[in-house]
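Have a look at the structure below, then the notes.
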Number of protein chains: 4
Amino acid sequence: MDRSRLEAFSDGVFAVAITLLALNLTVEGPGRVSLQHQLWDHRWSFAAYLLSFFVIGIIWVNHHALIKSIALVDRTLLFLNLVLLLFVVLIPFSTATAAQYLPVGGRGVKVAMVLYSAVFLGMSVGFGSVFEWTLHGDHRTVPLPPQAHWPARLRFVGGSGVYVVAIVISLFDAIIAFILMALTAVYYIVERTPTSPAAEGQRDK
Amino acid sequence: MDRSRLEAFSDGVFAVAITLLALNLTVEGPGRVSLQHQLWDHRWSFAAYLLSFFVIGIIWVNHHALIKSIALVDRTLLFLNLVLLLFVVLIPFSTATAAQYLPVGGRGVKVAMVLYSAVFLGMSVGFGSVFEWTLHGDHRTVPLPPQAHWPARLRFVGGSGVYVVAIVISLFDAIIAFILMALTAVYYIVERTPTSPAAEGQRDK
Amino acid sequence: MDRSRLEAFSDGVFAVAITLLALNLTVEGPGRVSLQHQLWDHRWSFAAYLLSFFVIGIIWVNHHALIKSIALVDRTLLFLNLVLLLFVVLIPFSTATAAQYLPVGGRGVKVAMVLYSAVFLGMSVGFGSVFEWTLHGDHRTVPLPPQAHWPARLRFVGGSGVYVVAIVISLFDAIIAFILMALTAVYYIVERTPTSPAAEGQRDK
Amino acid sequence: MDRSRLEAFSDGVFAVAITLLALNLTVEGPGRVSLQHQLWDHRWSFAAYLLSFFVIGIIWVNHHALIKSIALVDRTLLFLNLVLLLFVVLIPFSTATAAQYLPVGGRGVKVAMVLYSAVFLGMSVGFGSVFEWTLHGDHRTVPLPPQAHWPARLRFVGGSGVYVVAIVISLFDAIIAFILMALTAVYYIVERTPTSPAAEGQRDK
């Protein structure tokens with residue numbers, strides 16, 4: 001089956017990106033500030049690490065289900081998938097930037113959270129474009145019935161919509177934008193209601 | 001078989017995390033301190049590298065056996081596995097922190113070793129939760145007989161228990177906590193007594 | 001099939017190299033320069049990241065198609081593939097160097113862009129040598145007819161030729177060399193005209 | 001087949017280690033020293049990168065052939081393989097150290113080259129122990145005839161022997177030790193004489 005290298009390469013990128021997140025966690029050696037104070041000062045780094053870890057984890061779980069439904073791998077799919085990965089690879093950078101500015105506040109943190117949300121938005125749009133590609137032609141092993149297209153699309157638009165809202169909120173209050181994205185991640189982890197028969201098939205097989 | 005991407009992604013994360021451990025090993029260029037003195041000064045870095053390498057290696061070997069026994073991959077399993085990986089990814093950070101504070105002693109090293117043990121504990125609990133998930137429903141290809149559940153659980157509780165003890169000991173003597181974890185790793189590498197027929201099956205096939 | 005480890009290792013190297021590109025993107029914490037100014041000052045870093053990401057992506061897509069056509073994996077192929085990967089691994093370094101010198105201009109940026117183009121040229125020549133190897137003996141599952149050899153070769157020579165031209169142009173104007181390589185990357189992403197029946201077969205199956 | 005995760009994890013570690021080698025290649029931004037002088041000053045870094053890249057590449061090619069001959073994956077094999085990987089993961093560190101001290105000479109470079117050779121020796125001994133394991137029991141799909149054991153062993157002892165010699169030479173002249181290891185790598189890349197029927201079978205299938 002030809003999907004295997006698409007999956008292997010994507011899994012490699014997801015795995016490296018999710019592991020590089022923790023490279024931003026560093027403390028200074030013994031000296032002026034005690035270790036427990038340093039760890040407390042880094043609480044936003046840990047929070048940003050946790051959120052980005054699960055956002056990458058969720059997109060990996062969904063990527064897993066989406067690629068499994070694909071019958072045909074062509075160059076268009078490979079490049080749409082690269083757009084998705086382009087933003088996944090940026091997540092360690094946007095996470096490190098958010099973690100640097102979150103403890104300080106002011107104008108910098110608003111810019112940092114716009115960047116942080118925008119990278120997630122890019123990833124979400126990249127994922128949506130791979131999904132849209134699967135709806136056309138003979139791209140799926142089991143075609144999604146036409147009446148299921150819009151509910152499924154809305155689901156993805158919903159995901160991207162949260163990040164658009166987070167960008168706007170970031171301009172006013174970066175913390176609320178962070179909490180909104182964290183709650184969205186929790187929702188995606190706990191929700192189990194399939195929105196389409198195809199999604200259900202993807203999920204439990 | 002659907003376990004393949006779960007394995008590929010997990011192997012990717014294990015492989016990146018285990019390789020990033022060595023990124024913390026650096027020496028200064030020619031100058032004030034001779035290279036052999038620098039290497040000697042870094043002896044705790046090497047010891048921490050060695051211990052963390054084999055702890056990740058052991059969990060990878062056990063993950064290998066555990067996932068092989070799974071018949072069904074669902075979203076719950078994927079997210080429990082992500083919790084396990086969340087702590088695996090933190091190991092290079094906790095190892096670097098321990099290596100920085102071990103040569104100095106004082107209060108900092110106690111905090112560092114509590115962090116170091118706690119990350120291993122989180123990994124161990126994450127692994128235990130994946131194992132617990134396999135005991136229910138039709139999740140295993142060959143169900144474990146009910147009378148084997150508790151012995152198998154105790155084995156995992158035992159592993160986590162060592163890390164709880166190490167956290168407590170760290171508050172008094174960081175070196176003893178380190179030695180305890182090193183001896184536990186050696187034990188897991190050399191022991192070959194299967195605790196259940198299923199474990200034996202996993203091991204030698 | 002024996003190609004699997006060649007693919008797995010190559011995919012691993014491609015995935016790590018493409019993800020390490022973004023390690024060069026870093027901003028300073030809150031302080032002298034506002035975050036939005038820093039991001040603007042880093043515009044060349046983002047442009048170089050984008051170009052290198054898609055150059056690695058394109059070579060991965062083509063590698064995917066090329067390896068799929070191979071019937072026999074021998075030591076010669078493995079070492080030719082290593083030469084290709086040798087240059088892929090250098091891309092994060094040459095990208096970081098280009099990003100450092102592009103904002104400044106002067107003689108340094110010319111040297112930086114010669115280096116940047118030369119690493120791509122090395123990658124392209126490495127890819128071409130793997131391709132040349134597939135044309136001889138019984139190396140392909142479906143042999144390419146002899147009259148298709150030169151058109152296919154010309155295609156690869158064309159790719160390498162662009163990088164030779166970019167090296168020469170870099171000595172006069174680094175920005176034009178950068179734009180030339182960016183347009184070439186866009187061309188390779190959008191073009192869909194197969195140059196040989198075998199290439200078509202590789203592409204759409 | 002059960003070898004797949006052993007291969008996937010090992011390939012992941014090889015791929016990450018080989019890519020991290022190039023992380024040590026960095027230049028300063030525009031300023032005091034021109035870029036072409038910096039690149040020239042880093043010539044030993046490039047030489048060490050090149051040698052370490054091909055040493056990892058060669059061990060990957062041989063690992064590929066060795067694991068393919070294995071019928072049975074047990075815990076002992078997994079831990080012997082981990083010992084091999086333990087030293088592979090140290091190569092970026094030993095390479096960076098050698099690259100730092102090679103341009104300077106003096107006592108530091110001798111210690112650096114002893115470290116560099118010793119890490120390769122550890123890798124070679126780890127590989128030899130995996131090979132030794134395959135000679136016993138029913139570990140191979142096609143058992144190696146007993147009269148082929150010693151010629152095959154000698155081949156591996158030969159490889160490790162070069163590194164022992166390199167360690168000794170390093171104490172007198174680091175450059176000669178480096179050249180010896182480089183010539184050995186070239187030899188392993190170009191040699192094609194199979195030493196046993198089994199090795200031939202591994203090589204060309």
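Just remember, in the structure tokens the first chain shown is A, the second B, etc., residues are 1-based per chain, and ligands are 1-based in the order shown.
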
### Surrounding residues of Gly31 (chain D) excluding itself and chain neighbours under 3 positions, 12 Å, only C-alpha atoms, as a VMD selection string
(chain C and resid 100 to 101 104 to 108) or (chain D and resid 27 to 28 34 to 35 37 to 38)

Would you export the selected residues with N, CA and C atoms as a PDB file, in the first residue's frame, please?
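Ended up saving to selection.pdb:
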```
ATOM      1  N   GLN C 100      21.316  34.312   8.230  1.00  0.00           N
ATOM      2  CA  GLN C 100      22.107  35.270   9.011  1.00  0.00           C
ATOM      3  C   GLN C 100      22.668  36.390   8.131  1.00  0.00           C
ATOM      4  N   TYR C 101      23.046  36.049   6.897  1.00  0.00           N
ATOM      5  CA  TYR C 101      23.751  37.012   6.050  1.00  0.00           C
ATOM      6  C   TYR C 101      22.834  37.755   5.078  1.00  0.00           C
ATOM      7  N   VAL C 104      22.014  41.473   5.642  1.00  0.00           N
ATOM      8  CA  VAL C 104      23.118  42.413   5.767  1.00  0.00           C
ATOM      9  C   VAL C 104      23.688  42.806   4.413  1.00  0.00           C
ATOM     10  N   GLY C 105      23.745  41.866   3.492  1.00  0.00           N
ATOM     11  CA  GLY C 105      24.344  42.151   2.193  1.00  0.00           C
ATOM     12  C   GLY C 105      25.857  42.170   2.263  1.00  0.00           C
ATOM     13  N   GLY C 106      26.485  42.774   1.263  1.00  0.00           N
ATOM     14  CA  GLY C 106      27.947  42.807   1.221  1.00  0.00           C
ATOM     15  C   GLY C 106      28.520  41.497   0.717  1.00  0.00           C
ATOM     16  N   ARG C 107      29.829  41.286   0.985  1.00  0.00           N
ATOM     17  CA  ARG C 107      30.477  40.100   0.454  1.00  0.00           C
ATOM     18  C   ARG C 107      29.999  38.828   1.151  1.00  0.00           C
ATOM     19  N   GLY C 108      29.692  38.943   2.467  1.00  0.00           N
ATOM     20  CA  GLY C 108      29.291  37.777   3.240  1.00  0.00           C
ATOM     21  C   GLY C 108      28.085  37.070   2.644  1.00  0.00           C
TER      22      GLY C 108
ATOM     23  N   VAL D  27      28.065  29.078  12.133  1.00  0.00           N
ATOM     24  CA  VAL D  27      28.990  30.191  11.945  1.00  0.00           C
ATOM     25  C   VAL D  27      28.403  31.406  12.656  1.00  0.00           C
ATOM     26  N   GLU D  28      29.275  32.353  12.967  1.00  0.00           N
ATOM     27  CA  GLU D  28      28.789  33.601  13.540  1.00  0.00           C
ATOM     28  C   GLU D  28      28.206  34.477  12.447  1.00  0.00           C
ATOM     29  N   SER D  34      35.220  37.305   8.370  1.00  0.00           N
ATOM     30  CA  SER D  34      34.432  37.106   7.152  1.00  0.00           C
ATOM     31  C   SER D  34      33.965  35.660   7.077  1.00  0.00           C
ATOM     32  N   LEU D  35      32.858  35.445   6.360  1.00  0.00           N
ATOM     33  CA  LEU D  35      32.264  34.113   6.290  1.00  0.00           C
ATOM     34  C   LEU D  35      33.235  33.109   5.672  1.00  0.00           C
ATOM     35  N   HIS D  37      36.448  33.061   5.770  1.00  0.00           N
ATOM     36  CA  HIS D  37      37.455  32.678   6.760  1.00  0.00           C
ATOM     37  C   HIS D  37      36.868  31.763   7.831  1.00  0.00           C
ATOM     38  N   GLN D  38      35.650  32.059   8.248  1.00  0.00           N
ATOM     39  CA  GLN D  38      35.014  31.186   9.230  1.00  0.00           C
ATOM     40  C   GLN D  38      34.879  29.765   8.694  1.00  0.00           C
TER      41      GLN D  38
END
```

For the interface of chain C with chain A (cut-off 9 Å, counting only C-alpha atoms), please tabulate each contacting residue of chain C alongside its nearest pair of atoms and their separation in Å to one decimal, rows sorted by chain and increasing number, as JSON lines.
```
{"residue": "C:Glu7", "atom": "CA", "partner": "A:Arg5", "partner_atom": "CA", "distance": 7.4}
{"residue": "C:Ala8", "atom": "CA", "partner": "A:Ala8", "partner_atom": "CA", "distance": 7.1}
{"residue": "C:Asp11", "atom": "CA", "partner": "A:Phe9", "partner_atom": "CA", "distance": 5.2}
{"residue": "C:Gly12", "atom": "CA", "partner": "A:Gly12", "partner_atom": "CA", "distance": 6.0}
{"residue": "C:Val13", "atom": "CA", "partner": "A:Gly12", "partner_atom": "CA", "distance": 8.9}
{"residue": "C:Phe14", "atom": "CA", "partner": "A:Phe9", "partner_atom": "CA", "distance": 7.6}
{"residue": "C:Ala15", "atom": "CA", "partner": "A:Val13", "partner_atom": "CA", "distance": 4.9}
{"residue": "C:Val16", "atom": "CA", "partner": "A:Val16", "partner_atom": "CA", "distance": 6.3}
{"residue": "C:Ile18", "atom": "CA", "partner": "A:Val13", "partner_atom": "CA", "distance": 7.7}
{"residue": "C:Thr19", "atom": "CA", "partner": "A:Val89", "partner_atom": "CA", "distance": 5.4}
{"residue": "C:Leu20", "atom": "CA", "partner": "A:Val89", "partner_atom": "CA", "distance": 8.3}
{"residue": "C:Leu21", "atom": "CA", "partner": "A:Val89", "partner_atom": "CA", "distance": 8.4}
{"residue": "C:Ala22", "atom": "CA", "partner": "A:Leu90", "partner_atom": "CA", "distance": 6.1}
{"residue": "C:Leu23", "atom": "CA", "partner": "A:Phe93", "partner_atom": "CA", "distance": 7.1}
{"residue": "C:Asn24", "atom": "CA", "partner": "A:Phe93", "partner_atom": "CA", "distance": 8.8}
{"residue": "C:Leu25", "atom": "CA", "partner": "A:Phe93", "partner_atom": "CA", "distance": 6.3}
{"residue": "C:Thr26", "atom": "CA", "partner": "A:Phe93", "partner_atom": "CA", "distance": 6.6}
{"residue": "C:Val27", "atom": "CA", "partner": "A:Thr97", "partner_atom": "CA", "distance": 6.8}
{"residue": "C:Glu28", "atom": "CA", "partner": "A:Gln100", "partner_atom": "CA", "distance": 8.2}
{"residue": "C:Gly29", "atom": "CA", "partner": "A:Gln100", "partner_atom": "CA", "distance": 5.5}
{"residue": "C:Pro30", "atom": "CA", "partner": "A:Tyr101", "partner_atom": "CA", "distance": 6.4}
{"residue": "C:Ser34", "atom": "CA", "partner": "A:Gly108", "partner_atom": "CA", "distance": 6.5}
{"residue": "C:Leu35", "atom": "CA", "partner": "A:Gly108", "partner_atom": "CA", "distance": 5.6}
{"residue": "C:Gln36", "atom": "CA", "partner": "A:Val111", "partner_atom": "CA", "distance": 6.6}
{"residue": "C:Leu50", "atom": "CA", "partner": "A:Leu86", "partner_atom": "CA", "distance": 8.1}
{"residue": "C:Phe53", "atom": "CA", "partner": "A:Leu86", "partner_atom": "CA", "distance": 7.2}
{"residue": "C:Phe54", "atom": "CA", "partner": "A:Leu82", "partner_atom": "CA", "distance": 7.9}
{"residue": "C:Gly57", "atom": "CA", "partner": "A:Leu82", "partner_atom": "CA", "distance": 6.8}
{"residue": "C:Ile58", "atom": "CA", "partner": "A:Phe79", "partner_atom": "CA", "distance": 8.3}
{"residue": "C:Trp60", "atom": "CA", "partner": "A:Phe9", "partner_atom": "CA", "distance": 8.9}
{"residue": "C:Val61", "atom": "CA", "partner": "A:Leu78", "partner_atom": "CA", "distance": 7.0}
{"residue": "C:His64", "atom": "CA", "partner": "A:Arg5", "partner_atom": "CA", "distance": 7.3}
{"residue": "C:Ile189", "atom": "CA", "partner": "A:Phe79", "partner_atom": "CA", "distance": 7.3}
{"residue": "C:Val190", "atom": "CA", "partner": "A:Thr76", "partner_atom": "CA", "distance": 8.6}
{"residue": "C:Arg192", "atom": "CA", "partner": "A:Arg75", "partner_atom": "CA", "distance": 8.3}
{"residue": "C:Arg203", "atom": "CA", "partner": "A:Asp74", "partner_atom": "CA", "distance": 6.5}
{"residue": "C:Asp204", "atom": "CA", "partner": "A:Asp74", "partner_atom": "CA", "distance": 5.5}
{"residue": "C:Lys205", "atom": "CA", "partner": "A:Val73", "partner_atom": "CA", "distance": 7.1}
```

### Task
Enumerate as an NGL selection string all residues of chain B assigned to helix (DSSP H, G or I) by DSSP on the backbone, naming them with the chain letters and numbers the document uses.
:B and (3-24 or 35-41 or 43-68 or 75-101 or 106-134 or 146-170 or 174-190 or 197-204)

Quick one: residues within 6 Å of region 123-129 of chain B, only C-alpha atoms counted, chain neighbours fewer than 4 positions away excluded, as a tab-separated table (two decimals) with C-alpha atoms, in the first residue's frame?
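What ended up in result_28.tsv:
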```tsv
chain	number	residue	atom	x	y	z
B	83	VAL	CA	0.23	10.75	28.17
B	84	LEU	CA	3.04	8.19	28.30
B	87	PHE	CA	6.64	12.26	30.05
B	160	SER	CA	5.95	3.08	39.84
```

List every residue of region 42-73 of chain C that has an atom at most 12 Å from any atom of region 135-156 of chain C, giving for each one its closest atom pair and the distance in Å to one decimal, counting only C-alpha atoms, sorted by chain and then by ascending residue number, as a Markdown table.
```
| residue | atom | partner | partner_atom | distance |
| --- | --- | --- | --- | --- |
| C:Ile59 | CA | C:Phe156 | CA | 11.4 |
| C:Asn62 | CA | C:Phe156 | CA | 10.9 |
| C:Ala65 | CA | C:Arg140 | CA | 11.9 |
| C:Leu66 | CA | C:Arg140 | CA | 9.4 |
| C:Ile67 | CA | C:Arg140 | CA | 9.1 |
| C:Lys68 | CA | C:Thr141 | CA | 8.7 |
| C:Ser69 | CA | C:Arg140 | CA | 5.5 |
| C:Ile70 | CA | C:Arg140 | CA | 4.4 |
| C:Ala71 | CA | C:Thr141 | CA | 4.7 |
| C:Leu72 | CA | C:His139 | CA | 5.3 |
| C:Val73 | CA | C:His139 | CA | 7.9 |
```

#### Entry: d(CA of Gly122 (chain C), CA of Asp41 (chain D)) in Å
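According to the coordinates, CA of Gly122 (chain C) and CA of Asp41 (chain D) are separated by 21.6 Å.
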